[in-house]
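Take a look at the structure below.
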Amino acid sequence: MLGDPRRRQWASTGLAGLVYLVLAVVIWSGVWFGHPTTTGTCGCGDPALFTWFMAWGAHVITHGGNVFFTTRLFHPYGLNLPATTSALGISLPLAPVTWLFGPVASLNVAATLAPVAGALAARAMVRRWTTWQPAAFLAGLFYGFSPFVIESLAVGHVNLATLVVPPLIVICLDELVVRQRGRAWAWGLLLGGLATLQFFISSEVLVMCALAAAIGVVIVVVGGAVMRRGVIGSKLPHAAAGLGTAAVTTGLLLAYPAWYSIAGPRPLPRQVWPYVAYYGSPWRTLLLASGPRDRGPNAVLESYGYFGSHPLLLGYLGIGMVAVLAVGLALFHRDRLLWFCAAMLVVLEAMSLGARYWPWRIFHGLPIVENVVPNRIAAVADLFAAAMLGVIVDRARGRGSASHPDEGRDVPATATARPAAGRSWPPLVAVLVAWGLAAAAILPIAWQYDLPFTTRPVSVPPWFTSVGPRIPTTSVVLTYPFPSSGLQAPMTWQAAAGLRFSMVGGGGIAPAPPAHPTPSARNDALAAADLSVLSYGWLPLPTGTPAQLGRLRRALHDWGVTDIVVPKEVGTPPAIRARSIPLALAYFTAALGRPPDEQDGSWVWSVPGHLGAPLLLQPETITDCATVGATGDPGAAATCVMSVSARPTAR
């Protein structure tokens, strides 16, 4: 039977978790007070990408196959899941939710629980260094609902918003390097397991954690050598045993997934994003949110799939938070923990500025590390800001008495009770100062948020919920818009159909092109580029030249396409609308030599294994017919092409 202190500890954790959960539900109230199975920020953009990944986790369990590779997307070439942002560590555990309620619901569950999990983990970390529970609660509140997390959730980056592992890694490192209680191998095993879990949530965050851990160990070793000579040598065997166990565990668990991601089929290019090292946060965004708070649309966020009003907050701390951390460091300057966290915060924030500044230049060009987006290092930097905030609030409240009131009663076994240094304050003054510091740090950040999130029904064309789930599982569907990083909505449609069929194209990070492409591969790449431009962007639209139509016909054969589906657009936001449905209908009609059928709100071609002859058309026919379709029924474009075409050629 648990004693009263342990029960109080669990009760306080449960209460904190409940408060965090209520806040998360309020933030996502548009989902949970509406239709959580069919409502989200958008069924487009990056939310569509992660909706697909949630569907994949459930699909691979029920249907079997290689969990790391699929041709359901980018057919027939396939997609390497560990090499992209597949978040298998989220989608696989939530597979039961997907089975019962669908991938939109499981993505909503993941997005709601992400800040709660991160907040609880940060609270547990800070409880090790504090004795006043509200201080740890506030630290968890800031970290779990930080500007980085809120913006990541807005654009559907649930892999980046799920930051439950970094605080737990810090706990393990604190035990192995500093406190050294318990068995080193046990903490090492736990650390290796956490690193593996983080790899399957976000390998990018894992790399950032590894960088931060290396920096932190160096700071601890150097600081200990300077301030406490002789201590480092006595702690080295325990730390080395634990860290060595963690390295071996991580190596064994991740050897195959990591190899698969960089050397398996369809790996990513060595450098995913051109000039990624320069994607840093401007230094001023540490203090000021970059983006006017005008309650109007934000074009940058809309391109990712969020249609609410929201400033850009990556890397934002705010003047209030920075001032509180500086004042707290001055007040409690004898606290080595504060100095350690401050050093980590400064170094990581400097790295988040990108290659224009010296810290990142150390790592610029290193394999794997070079694909870390610098401004995302704020995800780890915020953890040390949260730790400083919790410790400062705790120490301020502790100035009100010789020791903390709850010391020895409700302090977890892992906490380190530190009597307040310096002159005591009257108890009431100490409490007011503590809460005042917390308010000054957190309220200006909360004021920047435009919450709850703006949500909307996830639009899925009827064909994908009625016909799509019934077509043969060997079917290969080509949709318009062509799924790419510009327009990813077709991935939501495929997910809503239970991934029953394969799909040409796909969104997210594109696999690396083959080093020596075959003529067919080159043709397919050009045809995909034509379809991408036809669907999205600002480049001149394809006009259906003989070369373009010939590429498409050869690609349809290479891709094994069985169905072409062009849904009718009803209520589609302009920012994610395909460029021209009439032009697409004319384009496909000319390539296939026959008009489409109408099936449940979509124009559909069943593509035979052997294509018929293409139509003989004048160069301007397709664009002229698209104009006809644009003035009325889009389907008139296909009819127009058939009516003005010459006889089919013999080839």
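Residues in the structure tokens are numbered from 1 in each chain, the chains being A, B, ... in the order shown, and ligands are numbered from 1 in the order shown.
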Neighbours of region 250-254 of chain A within 9 Å (only C-alpha atoms; same-chain residues fewer than 4 positions away dropped), as number ranges by chain?
A: 189, 191-196, 199, 245-246, 258-259
When you look at region 534-548 of chain A with a cut-off of 8 Å (counting only C-alpha atoms), what residues show up, excluding the ones that are within fewer than 4 positions of it in the same chain? I need them as an MDAnalysis selection string.
chainID A and resid 480:482 486:487 527 530 552 578:580 584 587 590 619:620 622:623
Could you list, as a PyMOL selection string, every residue within 10 Å of Pro265 (chain A), counting only C-alpha atoms and ignoring same-chain residues fewer than 4 positions away?
chain A and resi 68-69+77-80+83+260-261+511-512
Residues from last step as file, N, CA and C atoms, as an mmCIF file, in the first residue's frame:
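Output (out-v6.cif):
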data_model
loop_
_atom_site.group_PDB
_atom_site.id
_atom_site.type_symbol
_atom_site.label_atom_id
_atom_site.label_comp_id
_atom_site.auth_asym_id
_atom_site.auth_seq_id
_atom_site.Cartn_x
_atom_site.Cartn_y
_atom_site.Cartn_z
ATOM 1 N N PHE A 68 8.487 -0.509 -42.985
ATOM 2 C CA PHE A 68 9.392 0.573 -43.349
ATOM 3 C C PHE A 68 9.277 0.997 -44.809
ATOM 4 N N PHE A 69 8.486 0.291 -45.597
ATOM 5 C CA PHE A 69 8.437 0.613 -47.022
ATOM 6 C C PHE A 69 7.053 0.315 -47.571
ATOM 7 N N TYR A 77 7.276 3.250 -57.418
ATOM 8 C CA TYR A 77 8.629 3.325 -56.879
ATOM 9 C C TYR A 77 8.649 3.176 -55.362
ATOM 10 N N GLY A 78 7.641 3.717 -54.688
ATOM 11 C CA GLY A 78 7.508 3.502 -53.262
ATOM 12 C C GLY A 78 8.098 4.601 -52.405
ATOM 13 N N LEU A 79 7.918 4.437 -51.087
ATOM 14 C CA LEU A 79 8.332 5.432 -50.096
ATOM 15 C C LEU A 79 9.059 4.737 -48.962
ATOM 16 N N ASN A 80 10.216 5.265 -48.596
ATOM 17 C CA ASN A 80 11.006 4.785 -47.468
ATOM 18 C C ASN A 80 10.506 5.501 -46.216
ATOM 19 N N ALA A 83 12.938 7.177 -43.567
ATOM 20 C CA ALA A 83 13.676 8.298 -44.130
ATOM 21 C C ALA A 83 12.853 9.566 -44.202
ATOM 22 N N TYR A 260 18.368 1.473 -42.979
ATOM 23 C CA TYR A 260 17.313 1.444 -43.987
ATOM 24 C C TYR A 260 16.991 2.852 -44.472
ATOM 25 N N SER A 261 17.011 3.814 -43.555
ATOM 26 C CA SER A 261 16.628 5.177 -43.920
ATOM 27 C C SER A 261 17.642 5.843 -44.830
ATOM 28 N N PRO A 511 11.754 11.318 -52.237
ATOM 29 C CA PRO A 511 12.958 10.475 -52.243
ATOM 30 C C PRO A 511 13.987 10.985 -53.242
ATOM 31 N N ALA A 512 15.210 10.541 -53.044
ATOM 32 C CA ALA A 512 16.279 10.950 -53.949
ATOM 33 C C ALA A 512 16.077 10.318 -55.315
#
Distance criterion (only C-alpha atoms): nearest to Ala441 (chain A) out of A:Ile319, A:Gln618, A:Leu176, A:Phe137
A:Ile319
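If you measure from each of A:Leu583, A:Leu366, A:Val607, A:Val566 to Leu211 (chain A) using only C-alpha atoms, the closest one turns out to be A:Leu366.
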Write out as a list in words each polymer residue whose atoms come within 6 Å of region 38-41 of chain A, counting only C-alpha atoms; drop sequence neighbours fewer than 5 positions from it.
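That gives Val31, Tyr306, Thr455, Arg456, Pro457 and Val458 of chain A.
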If we count only C-alpha atoms, what is near Ile442 (chain A) at a cut-off of 12 Å, once residues fewer than 4 positions away on the same chain are taken out, given as an NGL selection string?
:A and (138-143 or 145-147 or 316-325 or 385-386 or 389-390 or 393 or 435-438 or 446-449)
